[in-house]
Every structure is written in structure tokens, then in C-alpha cells.
file final.cif (mmCIF, C-alpha atoms)
data_protein
loop_
_atom_site.label_atom_id
_atom_site.label_comp_id
_atom_site.auth_asym_id
_atom_site.auth_seq_id
_atom_site.Cartn_x
_atom_site.Cartn_y
_atom_site.Cartn_z
CA MET Y 30 -32.50 -35.38 7.58
CA LYS Y 31 -31.76 -32.03 5.96
CA ALA Y 32 -29.11 -31.35 8.58
CA ASN Y 33 -27.46 -34.70 7.84
CA LEU Y 34 -27.46 -34.00 4.12
CA LEU Y 35 -25.92 -30.60 4.76
CA THR Y 36 -23.22 -32.10 6.96
CA LEU Y 37 -22.43 -34.73 4.34
CA THR Y 38 -22.24 -32.13 1.58
CA ALA Y 39 -19.98 -29.86 3.63
CA GLY Y 40 -17.80 -32.85 4.49
CA ALA Y 41 -17.51 -33.82 0.85
CA VAL Y 42 -16.53 -30.27 -0.14
CA LEU Y 43 -13.87 -30.14 2.57
CA ALA Y 44 -12.55 -33.57 1.61
CA LEU Y 45 -12.25 -32.51 -2.04
CA ALA Y 46 -10.44 -29.34 -1.03
CA ALA Y 47 -8.01 -31.36 1.06
CA ILE Y 48 -7.03 -33.76 -1.73
CA PRO Y 49 -4.13 -31.68 -3.15
CA ALA Y 50 -2.67 -31.14 0.33
CA ALA Y 51 -2.91 -34.82 1.14
CA ASN Y 52 -1.21 -35.73 -2.14
CA ALA Y 53 1.50 -33.08 -1.88
CA ASP Y 54 4.92 -34.66 -2.09
CA PRO Y 55 7.87 -32.27 -1.78
CA ALA Y 56 10.17 -35.18 -2.58
CA ASP Y 57 8.98 -34.97 -6.18
CA CYS Y 58 10.39 -31.43 -6.26
CA GLN Y 59 13.92 -32.77 -5.73
CA THR Y 60 13.72 -35.39 -8.46
CA ALA Y 61 11.93 -33.28 -11.06
CA GLN Y 62 13.90 -32.69 -14.27
CA TYR Y 63 13.88 -28.89 -14.43
CA GLY Y 64 14.77 -27.35 -17.76
CA ALA Y 65 18.04 -25.44 -18.05
CA GLU Y 66 16.22 -22.17 -18.74
CA VAL Y 67 13.98 -22.74 -15.73
CA LEU Y 68 17.01 -23.23 -13.46
CA ALA Y 69 18.70 -20.17 -14.98
CA LYS Y 70 15.74 -17.96 -14.11
CA PHE Y 71 14.70 -19.68 -10.89
CA PRO Y 72 17.86 -21.31 -9.45
CA ASN Y 73 16.35 -22.26 -6.08
CA ILE Y 74 13.13 -23.71 -7.47
CA ALA Y 75 13.77 -27.16 -6.00
CA GLN Y 76 14.04 -25.66 -2.50
CA VAL Y 77 10.96 -23.47 -2.91
CA CYS Y 78 8.82 -26.11 -4.61
CA LEU Y 79 6.07 -27.61 -2.44
CA ASP Y 80 4.75 -30.17 -4.88
CA ILE Y 81 4.79 -31.27 -8.50
CA ILE Y 82 1.42 -31.53 -10.21
CA ASN Y 83 0.49 -32.62 -13.69
CA LYS Y 84 -2.06 -30.67 -15.68
CA ASP Y 85 -2.88 -31.42 -19.30
CA GLY Y 86 0.25 -33.56 -19.61
CA GLN Y 87 2.55 -30.85 -18.29
CA ASP Y 88 4.40 -30.94 -14.94
CA TYR Y 89 4.29 -27.83 -12.79
CA ALA Y 90 6.19 -26.98 -9.60
CA VAL Y 91 3.86 -25.46 -7.01
CA VAL Y 92 5.35 -22.53 -5.07
CA LYS Y 93 4.06 -20.03 -2.51
CA ALA Y 94 4.90 -16.40 -3.14
CA ASP Y 95 4.17 -12.98 -1.66
CA LEU Y 96 2.51 -10.40 -3.86
CA VAL Y 97 4.74 -7.31 -3.78
CA ARG Y 98 3.21 -5.24 -6.56
CA THR Y 99 0.23 -5.07 -8.86
CA ARG Y 100 -0.06 -3.22 -12.14
CA PRO Y 101 -2.62 -3.46 -14.92
CA GLY Y 102 -1.92 -6.72 -16.72
CA ALA Y 103 0.78 -8.00 -14.34
CA VAL Y 104 1.68 -8.77 -10.78
CA THR Y 105 5.12 -9.03 -9.21
CA ILE Y 106 5.71 -11.85 -6.76
CA ARG Y 107 8.59 -13.00 -4.57
CA PRO Y 108 8.69 -16.72 -3.73
CA ARG Y 109 8.97 -17.69 -0.08
CA LEU Y 110 12.21 -19.45 0.71
CA PRO Y 111 12.46 -22.21 3.36
CA ASP Y 112 14.32 -19.88 5.76
CA GLY Y 113 11.44 -17.40 5.75
CA THR Y 114 13.11 -14.88 3.45
CA ARG Y 115 11.96 -14.08 -0.09
CA GLY Y 116 13.56 -14.94 -3.40
CA ASP Y 117 14.05 -12.72 -6.42
CA SER Y 118 11.01 -10.98 -7.76
CA MET Y 119 9.33 -12.21 -10.92
CA ILE Y 120 6.51 -10.91 -13.01
CA VAL Y 121 3.38 -12.92 -13.78
CA ARG Y 122 1.25 -11.60 -16.63
CA THR Y 123 -2.47 -11.52 -15.94
CA ALA Y 124 -5.17 -11.04 -18.56
CA PRO Y 125 -7.95 -8.59 -17.61
CA GLY Y 126 -10.90 -10.30 -15.98
CA ARG Y 127 -8.99 -13.49 -15.22
CA ARG Y 128 -9.81 -15.15 -11.91
CA VAL Y 129 -7.37 -16.98 -9.69
CA LEU Y 130 -7.51 -18.79 -6.38
CA VAL Y 131 -6.24 -16.85 -3.34
CA ASP Y 132 -6.57 -18.43 0.10
CA GLY Y 133 -9.19 -20.76 -1.36
CA GLN Y 134 -11.27 -17.89 -2.72
CA GLU Y 135 -11.93 -17.06 -6.34
CA THR Y 136 -10.45 -13.60 -6.90
CA ARG Y 137 -10.35 -11.31 -9.94
CA VAL Y 138 -6.80 -10.32 -10.83
CA GLU Y 139 -7.87 -6.67 -10.63
CA ASP Y 140 -8.70 -7.24 -6.95
CA LEU Y 141 -5.31 -8.69 -6.01
CA ALA Y 142 -3.49 -6.57 -3.43
CA VAL Y 143 -0.03 -6.27 -1.95
CA GLY Y 144 0.51 -8.54 1.04
CA GLN Y 145 -1.47 -11.49 -0.27
CA THR Y 146 0.14 -14.90 -0.44
CA LEU Y 147 -0.38 -16.53 -3.81
CA THR Y 148 0.15 -20.01 -5.15
CA ALA Y 149 2.04 -20.05 -8.44
CA TYR Y 150 2.64 -22.88 -10.92
CA VAL Y 151 6.04 -22.97 -12.64
CA LYS Y 152 6.41 -25.20 -15.69
CA VAL Y 153 9.11 -27.75 -14.97
CA THR Y 154 10.51 -27.89 -18.49
CA GLN Y 155 10.03 -24.33 -19.72
CA PRO Y 156 10.41 -20.95 -17.99
CA GLU Y 157 6.70 -20.21 -17.73
CA ILE Y 158 4.67 -19.25 -14.69
CA ALA Y 159 0.98 -18.92 -13.80
CA LEU Y 160 -1.19 -18.19 -10.80
CA GLU Y 161 -3.31 -21.00 -9.35
CA PRO Y 162 -6.49 -21.40 -11.42
CA VAL Y 163 -9.88 -21.27 -9.72
CA SER Y 164 -10.57 -24.99 -9.99
CA PRO Y 165 -8.68 -28.20 -10.72
CA SER Y 166 -10.43 -28.42 -14.09
CA ALA Y 167 -9.62 -24.86 -15.14
CA PRO Y 168 -6.69 -24.46 -17.54
CA VAL Y 169 -3.33 -23.16 -16.29
CA GLU Y 170 -2.78 -19.88 -18.16
CA SER Y 171 0.97 -19.44 -18.00
CA SER Y 172 3.19 -16.73 -19.41
CA PRO Y 173 6.97 -16.56 -19.90
CA MET Y 174 8.90 -15.84 -16.70
CA GLU Y 175 10.26 -12.33 -16.97
CA GLU Y 176 13.48 -10.93 -15.61
CA PRO Y 177 13.19 -9.39 -12.14
CA GLU Y 178 11.81 -5.91 -12.37
CA VAL Y 179 14.28 -3.12 -11.67
CA ALA Y 180 12.78 -0.12 -9.93
CA SER Y 181 13.42 3.19 -11.66
CA ALA Y 182 16.18 5.32 -10.15
CA GLU Y 183 14.41 8.49 -11.21
CA PRO Y 184 12.06 10.12 -8.69
CA ALA Y 185 8.48 9.40 -9.65
CA ALA Y 186 7.32 12.77 -8.45
CA ALA Y 187 8.50 16.18 -7.35
CA MET Y 188 8.46 17.06 -3.68
CA PRO Y 189 5.02 18.47 -2.84
CA THR Y 190 4.43 21.75 -1.04
CA THR Y 191 2.74 21.08 2.27
CA ALA Y 192 2.29 24.54 3.75
CA SER Y 193 0.73 27.67 2.32
CA PRO Y 194 2.62 31.00 2.02
CA PHE Y 195 -0.22 32.89 3.74
CA PRO Y 196 1.57 33.22 7.12
CA ALA Y 197 4.57 34.79 5.35
CA ILE Y 198 2.33 37.18 3.40
CA GLY Y 199 0.58 38.10 6.64
CA LEU Y 200 3.91 38.70 8.37
CA ALA Y 201 5.12 40.86 5.46
CA GLY Y 202 1.90 42.93 5.68
CA PHE Y 203 2.34 43.36 9.42
CA GLY Y 204 5.94 44.47 8.83
CA LEU Y 205 4.83 47.07 6.28
CA ILE Y 206 2.29 48.48 8.76
CA LEU Y 207 5.04 48.82 11.37
CA VAL Y 208 7.32 50.59 8.87
CA GLY Y 209 4.46 52.92 7.94
CA MET Y 210 3.81 53.76 11.59
CA LEU Y 211 7.51 54.33 12.18
CA LEU Y 212 7.71 56.72 9.23
CA ALA Y 213 4.62 58.61 10.43
CA VAL Y 214 6.10 59.04 13.93
CA THR Y 215 9.45 60.14 12.48
CA ARG Y 216 7.76 62.77 10.27
CA ARG Y 217 5.74 64.17 13.19
CA ARG Y 218 8.84 64.52 15.37
CA SER Y 219 11.05 66.08 12.73
CA PRO Y 220 11.17 69.95 12.92
CA ARG Y 221 9.25 71.72 10.16
CA SER Y 222 11.15 74.22 8.11
CA MET Q 14 -27.15 -22.27 2.26
CA LEU Q 15 -23.39 -22.40 2.89
CA VAL Q 16 -22.86 -20.25 -0.18
CA ALA Q 17 -25.49 -17.79 1.05
CA VAL Q 18 -23.82 -17.53 4.47
CA PHE Q 19 -20.40 -17.06 2.84
CA ALA Q 20 -21.72 -14.44 0.40
CA SER Q 21 -23.51 -12.57 3.19
CA ALA Q 22 -20.33 -12.45 5.27
CA GLN Q 23 -18.34 -11.18 2.29
CA ILE Q 24 -20.90 -8.47 1.50
CA ALA Q 25 -21.13 -7.44 5.15
CA GLY Q 26 -17.33 -7.18 5.30
CA GLN Q 27 -17.17 -5.05 2.15
CA VAL Q 28 -19.97 -2.76 3.33
CA GLY Q 29 -18.36 -2.42 6.76
CA ARG Q 30 -14.98 -1.49 5.30
CA ALA Q 31 -16.57 0.99 2.87
CA ALA Q 32 -18.48 2.52 5.78
CA ALA Q 33 -15.25 2.77 7.79
CA LEU Q 34 -13.62 4.73 4.97
CA ALA Q 35 -16.69 6.90 4.38
CA SER Q 36 -16.93 7.75 8.08
CA PHE Q 37 -13.85 9.92 7.67
CA ALA Q 38 -16.04 12.53 5.99
CA ARG Q 39 -16.73 13.64 9.57
CA ALA Q 40 -14.92 16.69 10.88
CA PRO Q 41 -11.92 15.99 13.09
CA THR Q 42 -12.56 16.68 16.76
CA ALA Q 43 -11.00 19.50 18.76
CA GLU Q 44 -8.63 16.91 20.19
CA ASP Q 45 -7.61 15.87 16.67
CA ARG Q 46 -6.88 19.51 15.84
CA ALA Q 47 -5.09 20.44 19.06
CA LEU Q 48 -1.76 20.86 17.24
CA TRP Q 49 -3.14 22.61 14.15
CA SER Q 50 -2.47 26.24 13.27
CA ASP Q 51 -5.38 28.71 13.24
CA ILE Q 52 -5.05 29.11 9.48
CA ARG Q 53 -5.25 25.35 8.92
CA ILE Q 54 -8.36 25.10 11.09
CA ARG Q 55 -9.99 27.97 9.18
CA GLU Q 56 -9.11 26.45 5.80
CA TYR Q 57 -10.42 23.08 6.87
CA ASP Q 58 -13.66 24.60 8.12
CA ALA Q 59 -14.05 26.64 4.92
CA SER Q 60 -13.84 23.47 2.82
CA VAL Q 61 -16.28 21.38 4.83
CA GLY Q 62 -19.20 22.02 2.45
CA ILE Q 63 -17.32 20.43 -0.45
CA ASP Q 64 -18.15 16.78 -1.07
CA MET Q 65 -14.86 14.90 -1.22
CA GLY Q 66 -16.34 11.47 -1.95
CA GLU Q 67 -14.91 8.33 -0.47
CA PRO Q 68 -11.19 8.52 0.36
CA LEU Q 69 -8.77 6.06 -1.26
CA ALA Q 70 -7.64 4.86 2.14
CA VAL Q 71 -7.24 5.85 5.75
CA LEU Q 72 -3.79 6.40 7.27
CA ARG Q 73 -3.40 5.54 10.94
CA ILE Q 74 -0.37 6.00 13.18
CA PRO Q 75 -1.53 5.07 16.68
CA SER Q 76 1.68 6.16 18.43
CA VAL Q 77 1.16 9.82 17.48
CA ASN Q 78 -2.64 9.73 17.27
CA ILE Q 79 -2.86 10.35 13.51
CA GLU Q 80 -5.97 9.11 11.71
CA VAL Q 81 -6.50 10.81 8.37
CA PRO Q 82 -8.30 10.09 5.09
CA ILE Q 83 -6.10 9.88 1.98
CA TYR Q 84 -7.29 11.44 -1.27
CA ALA Q 85 -5.83 11.14 -4.77
CA GLY Q 86 -3.43 14.01 -5.46
CA THR Q 87 -1.90 16.78 -3.40
CA SER Q 88 -4.24 19.64 -4.28
CA GLU Q 89 -4.76 22.33 -1.65
CA LEU Q 90 -8.29 21.06 -1.09
CA ASN Q 91 -7.13 17.47 -0.55
CA LEU Q 92 -4.44 18.58 1.89
CA ASN Q 93 -6.92 20.71 3.81
CA ARG Q 94 -9.32 17.81 4.19
CA GLY Q 95 -6.84 15.02 4.74
CA ALA Q 96 -3.60 13.73 3.26
CA GLY Q 97 -2.82 13.41 -0.44
CA LEU Q 98 -1.45 10.47 -2.41
CA ILE Q 99 1.44 11.87 -4.44
CA GLU Q 100 0.74 11.41 -8.14
CA GLY Q 101 3.04 9.12 -10.11
CA MET Q 102 3.97 7.04 -7.07
CA GLY Q 103 2.65 3.75 -5.66
CA THR Q 104 -0.82 3.04 -4.29
CA PRO Q 105 -1.90 1.38 -1.01
CA ASP Q 106 -3.15 -1.85 -2.63
CA GLY Q 107 -0.77 -1.77 -5.62
CA GLY Q 108 2.54 -1.40 -3.78
CA GLY Q 109 5.69 0.42 -4.88
CA ASN Q 110 6.81 3.56 -3.05
CA ILE Q 111 3.56 5.05 -1.73
CA GLY Q 112 4.06 8.79 -1.24
CA ILE Q 113 1.61 10.53 1.09
CA ALA Q 114 1.79 14.27 1.75
CA GLY Q 115 0.15 16.28 4.51
CA HIS Q 116 0.27 19.78 5.96
CA ARG Q 117 2.88 20.30 8.68
CA ASP Q 118 0.47 22.65 10.48
CA GLY Q 119 -2.49 20.27 10.11
CA PHE Q 120 -2.96 16.52 10.09
CA PHE Q 121 0.79 15.82 9.82
CA ARG Q 122 2.05 18.11 12.61
CA ALA Q 123 1.97 15.14 15.00
CA LEU Q 124 4.66 13.49 12.85
CA LYS Q 125 7.17 15.58 14.84
CA ASP Q 126 6.88 12.93 17.58
CA ILE Q 127 7.10 9.79 15.42
CA LYS Q 128 9.91 7.34 16.09
CA PRO Q 129 11.58 4.44 14.28
CA GLY Q 130 9.65 1.24 14.96
CA ASP Q 131 6.25 2.94 15.12
CA ARG Q 132 3.44 1.21 13.25
CA ILE Q 133 1.79 2.80 10.22
CA GLU Q 134 -1.48 1.40 8.88
CA LEU Q 135 -3.13 1.98 5.53
CA GLN Q 136 -6.72 0.78 5.46
CA THR Q 137 -8.23 0.37 2.01
CA ARG Q 138 -11.60 -1.03 1.02
CA THR Q 139 -10.30 -4.57 1.15
CA ARG Q 140 -7.31 -4.75 3.46
CA ILE Q 141 -5.31 -3.18 6.24
CA HIS Q 142 -1.65 -2.86 5.25
CA ALA Q 143 0.83 -2.52 8.09
CA TYR Q 144 4.19 -0.77 7.82
CA ARG Q 145 6.94 -0.17 10.37
CA VAL Q 146 8.88 3.12 10.51
CA THR Q 147 12.49 2.47 9.51
CA GLU Q 148 13.82 5.91 8.56
CA ILE Q 149 13.15 9.51 9.48
CA GLU Q 150 14.97 12.08 7.36
CA ILE Q 151 15.06 15.82 6.90
CA VAL Q 152 16.02 16.81 3.36
CA ASP Q 153 16.12 19.92 1.24
CA SER Q 154 12.81 20.74 -0.40
CA SER Q 155 14.38 20.25 -3.84
CA ASP Q 156 15.67 16.75 -3.03
CA PRO Q 157 13.17 14.12 -4.19
CA SER Q 158 15.56 11.18 -3.78
CA LEU Q 159 13.28 9.40 -1.31
CA LEU Q 160 10.44 9.53 -3.82
CA VAL Q 161 12.12 7.05 -6.18
CA ASP Q 162 10.24 3.91 -7.10
CA SER Q 163 10.68 0.77 -5.02
CA LEU Q 164 10.33 -2.87 -5.93
CA ASP Q 165 9.00 -3.82 -2.51
CA PRO Q 166 6.13 -1.93 -0.92
CA VAL Q 167 7.23 1.04 1.19
CA VAL Q 168 5.38 4.11 2.40
CA THR Q 169 6.92 7.59 2.44
CA LEU Q 170 5.15 10.31 4.44
CA VAL Q 171 6.11 13.83 3.44
CA THR Q 172 5.54 17.14 5.15
CA CYS Q 173 7.28 20.50 5.31
CA TYR Q 174 9.98 21.19 7.89
CA PRO Q 175 10.52 22.89 10.32
CA PHE Q 176 7.08 22.14 11.73
CA TYR Q 177 6.83 25.68 13.12
CA TYR Q 178 7.99 28.11 10.45
CA VAL Q 179 6.53 31.22 8.85
CA GLY Q 180 6.17 30.93 5.07
CA HIS Q 181 7.35 28.20 2.71
CA ALA Q 182 9.50 25.86 4.78
CA PRO Q 183 12.90 25.19 3.19
CA GLN Q 184 13.08 21.49 4.08
CA ARG Q 185 10.98 18.35 4.05
CA PHE Q 186 10.41 15.86 6.86
CA LEU Q 187 10.18 12.33 5.49
CA VAL Q 188 9.11 9.18 7.27
CA ARG Q 189 9.84 5.89 5.54
CA GLY Q 190 8.02 2.69 6.51
CA THR Q 191 8.64 -0.82 5.23
CA TYR Q 192 5.92 -3.43 4.76
CA GLU Q 193 5.19 -5.78 7.61
CA TRP Q 194 4.69 -9.21 6.11
CA LYS Q 195 2.61 -11.75 7.92
CA SER Q 196 4.61 -14.67 9.23
CA PRO Q 197 5.03 -17.43 6.65
CA PRO Q 198 2.54 -20.30 6.75
CA SER Q 199 3.63 -23.57 8.29
CA PRO Q 200 5.52 -25.90 5.95
CA GLY Q 201 3.41 -27.96 3.62
CA HIS Q 202 1.04 -27.32 0.79
CA ALA Q 203 -1.62 -25.06 2.30
#
call {"tool": "encode", "arguments": {"input": "final.cif", "output": "C-alpha cells"}}
result
Amino acid sequence: MKANLLTLTAGAVLALAAIPAANADPADCQTAQYGAEVLAKFPNIAQVCLDIINKDGQDYAVVKADLVRTRPGAVTIRPRLPDGTRGDSMIVRTAPGRRVLVDGQETRVEDLAVGQTLTAYVKVTQPEIALEPVSPSAPVESSPMEEPEVASAEPAAAMPTTASPFPAIGLAGFGLILVGMLLAVTRRRSPRS
Amino acid sequence: MLVAVFASAQIAGQVGRAAALASFARAPTAEDRALWSDIRIREYDASVGIDMGEPLAVLRIPSVNIEVPIYAGTSELNLNRGAGLIEGMGTPDGGGNIGIAGHRDGFFRALKDIKPGDRIELQTRTRIHAYRVTEIEIVDSSDPSLLVDSLDPVVTLVTCYPFYYVGHAPQRFLVRGTYEWKSPPSPGHA
């Protein structure tokens, strides 16, 4: 009896988890009325979009993206394009302690790491973006889409020294000993006046 | 019960990965140190009593048999006990240009045999990041151009060059690796 109940519960959980996938309709992505600012900042959104969902009266395009960088308070993502390449990078602001869904697991934003694939929600009418919230009932906490980050052209660090000078000091000492011995021999051989 | 099983698996995974990192407190074997200079071996041995704590990550390059703990910063102690994460650059989990320095007469001497296409792994507490060697360069020691920031994750290994040289070597041997992304998921809303 207990086993049956467990099976039923597990089945119900899996069925609930599968609902968004079953309802996904990429066709909606093509007909969505994207705002001009959204298209300016994310020109290929219709191609990248996997689904359109509505949360709290607002339409969002669902996209998959690779996490390329994390910093306190922000992550940088690159959306996956249909041909397997990655689109322009964009920054998603993340408040400390916020939790998001990664591969179906609730994850603190501080624990996000390079290489993870994230699900992001892009507002259809305004250039705002958010990471997938932990549950369907959780609010979507979006922030304005920011211009692609430009890496600094200045070196972040000076070249480190990766060998000690001790061998050179030792060699110099050995050289001085040889010179000393040579001088001593020369003095002994020279005729005394 | 399902939650308990899931939580147990997660905890076991975390503990296992932490233990894997901590295990690098062990001394490298004679085989590991076959290429090291006598001075490097002595300096390593002299520092063994110092507690280094858990390394930030472990660097592995299977093709040249390198397996070395990575510590924060390039202090002499850190470079005697492992490799050092260059300050001001990226981090293994955070991305950017991750600069890692090592002694040319110690852990990094085996880099002399590395080739483009070789795999570089960075194991942190939570993940194993894979990189592929794309560039090998020898530059002047005053040229930090390969230490510039990067938007995408890359790893830059730095050691002195020539590998066999008495005194401060005038050049640097740099190995650049680019991130190996997992293949994209199948189409559809995963």
C-alpha cells in the first residue's frame, strides 16, 4: 500500500514537472509581438525562443543560455542559437541569496558556476531578463537587459615569477670560489721579490 | 523518502568532492617529482609542515601527467606546494581569463611536453571544468598581454622559460585553453 502511494506521488511530481514541456509551443515565439527595444538588444530572440509563457499578466520568451561568467550580483550568459553556436553575451542581475532553477534543482545564485545551462525569461514587450524562478508560483524577478560586457584590454595582473634566483646565486658563489682559487695559485707561482 | 534519498546523494557528492580536493594535501610521489630540480624538492619538503588548507581547485592535464592543487595567489609557499591562481584574474567557477602559475622546475616542468588539443581539467568543489589547449606561446617576461581579461572562460597556464635555466628566466611559457562546452541539449523545452 505504502509502495503504491509512493509510486503515485512520484508519478504526480513527474507529471507536474512535465507540464511546461508538454505545453511548450515554439510557434508562439514567431507570432509574439516583441517590443522594438527588445529586438534592438536581442535581434534573434524569435529564433532562440523555445516558448512563450505568461506570468502575472506578462508574456515572457523562454530561452536556454550558457553561463559564461559569474560575479557578485550578476551573471553573464550567452543564449544558445539553433545552429549550436552562442549569441551575444548579456548580463542578468542577481540579488544576493536569490534562488533559481538550474537543471530542475533549486540553486543559490552564489553557487552558479561557469558551464551551467540556464533557462532565462525575456519580457516580450520590454528589454528585461530574469533567470527561471524556483517554482511556477514564484515571481519572475527581472532586471533591465544590459549591453554586452566588453572585456578589459588592460592586463589584469603582472606576469608572475615562477623560479627562484637561488641557482644563480649559487652559481655566482661557485664562480667566486674558482676565482679565489685561481688567484691563490697565481700568487704561489709568481716569483717573490 | 524521495527527498531524503536526493539530499543524501547531494551531501555524499559534496563530501566526496571536498575529500578529493583535500586529498591533495598528500606529498607528491617520487614519480610525480621525477622532473623536479633538487632545490624545488628541498623547498617542497621544507614546507610540508605548513597547513595549506583546502585548495581552491585541482588542475589536471592527463597527457603530461600533471595533477596539482591550486591555491589563491602566487606566493613562494603556494608555488612550492602547488600552483597559484594569479590575483586579479578569473576563477575556476567564475570564468574570465583564469591565470595559473607554477614553477618551471617543479609541478609545471612537465608543461614542456604539452601540445595543442590536450585536455586541461579544473576540478572545484562542485564541478569539473574541461578546457582544450589552443595556444602555446613563449613571450618576454615583461609582456602580460595574454593575461588580459576575457569574456568567455579561458585558462592561461604560466611558467618561466627556458625550462632549464640558471637564475631568473627571461621568458614565460604560456599555455592557453578554451572552455569545452557540453553539446547542446536536444531541441525542445527541457
call {"tool": "residues_around", "arguments": {"input": "final.cif", "residues": "Val81 in chain Q", "least_positions_apart": "4", "cutoff": "9 Å", "atoms": "all atoms listed in the file", "output": "mmCIF file with C-alpha atoms, in the frame of the given file"}}
result
data_model
loop_
_atom_site.group_PDB
_atom_site.id
_atom_site.type_symbol
_atom_site.label_atom_id
_atom_site.label_comp_id
_atom_site.auth_asym_id
_atom_site.auth_seq_id
_atom_site.Cartn_x
_atom_site.Cartn_y
_atom_site.Cartn_z
ATOM 1 C CA PHE Q 37 -13.850 9.920 7.670
ATOM 2 C CA PRO Q 41 -11.920 15.990 13.090
ATOM 3 C CA ALA Q 70 -7.640 4.860 2.140
ATOM 4 C CA VAL Q 71 -7.240 5.850 5.750
ATOM 5 C CA LEU Q 72 -3.790 6.400 7.270
ATOM 6 C CA ARG Q 73 -3.400 5.540 10.940
ATOM 7 C CA ARG Q 94 -9.320 17.810 4.190
ATOM 8 C CA GLY Q 95 -6.840 15.020 4.740
ATOM 9 C CA ALA Q 96 -3.600 13.730 3.260
ATOM 10 C CA PHE Q 120 -2.960 16.520 10.090
ATOM 11 C CA PHE Q 121 0.790 15.820 9.820
#
call {"tool": "residues_near_point", "arguments": {"input": "final.cif", "point": "(15.4, -23.2, -11.7)", "cutoff": "12 Å", "atoms": "all atoms listed in the file", "output": "CSV table (one decimal) with C-alpha atoms, in the coordinates of the input"}}
result
chain,number,residue,atom,x,y,z
Y,58,CYS,CA,10.4,-31.4,-6.3
Y,59,GLN,CA,13.9,-32.8,-5.7
Y,61,ALA,CA,11.9,-33.3,-11.1
Y,62,GLN,CA,13.9,-32.7,-14.3
Y,63,TYR,CA,13.9,-28.9,-14.4
Y,64,GLY,CA,14.8,-27.4,-17.8
Y,65,ALA,CA,18.0,-25.4,-18.0
Y,66,GLU,CA,16.2,-22.2,-18.7
Y,67,VAL,CA,14.0,-22.7,-15.7
Y,68,LEU,CA,17.0,-23.2,-13.5
Y,69,ALA,CA,18.7,-20.2,-15.0
Y,70,LYS,CA,15.7,-18.0,-14.1
Y,71,PHE,CA,14.7,-19.7,-10.9
Y,72,PRO,CA,17.9,-21.3,-9.4
Y,73,ASN,CA,16.4,-22.3,-6.1
Y,74,ILE,CA,13.1,-23.7,-7.5
Y,75,ALA,CA,13.8,-27.2,-6.0
Y,76,GLN,CA,14.0,-25.7,-2.5
Y,77,VAL,CA,11.0,-23.5,-2.9
Y,78,CYS,CA,8.8,-26.1,-4.6
Y,90,ALA,CA,6.2,-27.0,-9.6
Y,116,GLY,CA,13.6,-14.9,-3.4
Y,117,ASP,CA,14.0,-12.7,-6.4
Y,151,VAL,CA,6.0,-23.0,-12.6
Y,152,LYS,CA,6.4,-25.2,-15.7
Y,153,VAL,CA,9.1,-27.8,-15.0
Y,154,THR,CA,10.5,-27.9,-18.5
Y,155,GLN,CA,10.0,-24.3,-19.7
Y,156,PRO,CA,10.4,-21.0,-18.0
Y,157,GLU,CA,6.7,-20.2,-17.7
Y,158,ILE,CA,4.7,-19.2,-14.7
Y,174,MET,CA,8.9,-15.8,-16.7
call {"tool": "resolve_selection", "arguments": {"input": "final.cif", "expression": "the PyMOL selection byres ((chain Q and resi 148) around 12)", "output": "JSON, numbers by chain"}}
result
{"Q": [127, 128, 129, 130, 131, 144, 145, 146, 147, 149, 150, 151, 159, 167, 168, 169, 170, 186, 187, 188, 189, 190, 191]}
call {"tool": "atom_distance", "arguments": {"input": "final.cif", "atom1": "CA of Leu207 in chain Y", "atom2": "CA of Ser50 in chain Q"}}
result
23.9 Å
call {"tool": "axis_aligned_box", "arguments": {"input": "final.cif", "around": "range 155-167 of chain Q", "padding_each_side": "3 Å", "output": "JSON"}}
result
{"center_x": 10.9, "center_y": 8.2, "center_z": -3.0, "size_x": 15.5, "size_y": 30.1, "size_z": 14.3}
call {"tool": "resolve_selection", "arguments": {"input": "final.cif", "expression": "the PyMOL selection byres ((chain Y and resi 145) around 9)", "output": "VMD selection string"}}
result
chain Y and resid 94 to 97 131 to 132 141 to 144 146 to 147
call {"tool": "resolve_selection", "arguments": {"input": "final.cif", "expression": "the PyMOL selection byres ((chain Q) within 6 of (chain Y))", "output": "ChimeraX atom specification"}}
result
/Q:101-102,106-108,115-116,157,160-165,172-173,179-181,202
call {"tool": "closest_residue", "arguments": {"input": "final.cif", "among": "Y:Val121, Y:Leu211, Y:Leu205, Y:Ala103", "to": "Glu161 in chain Y", "atoms": "only C-alpha atoms"}}
result
Y:Val121
call {"tool": "atom_distance", "arguments": {"input": "final.cif", "atom1": "CA of Glu80 in chain Q", "atom2": "CA of Arg53 in chain Q"}}
result
16.5 Å
call {"tool": "atom_distance", "arguments": {"input": "final.cif", "atom1": "CA of Pro108 in chain Y", "atom2": "CA of Gln87 in chain Y"}}
result
21.2 Å
call {"tool": "closest_residue", "arguments": {"input": "final.cif", "among": "Q:Asn91, Q:Asn78, Q:Thr104, Q:Ser155", "to": "His142 in chain Q", "atoms": "all atoms listed in the file"}}
result
Q:Thr104
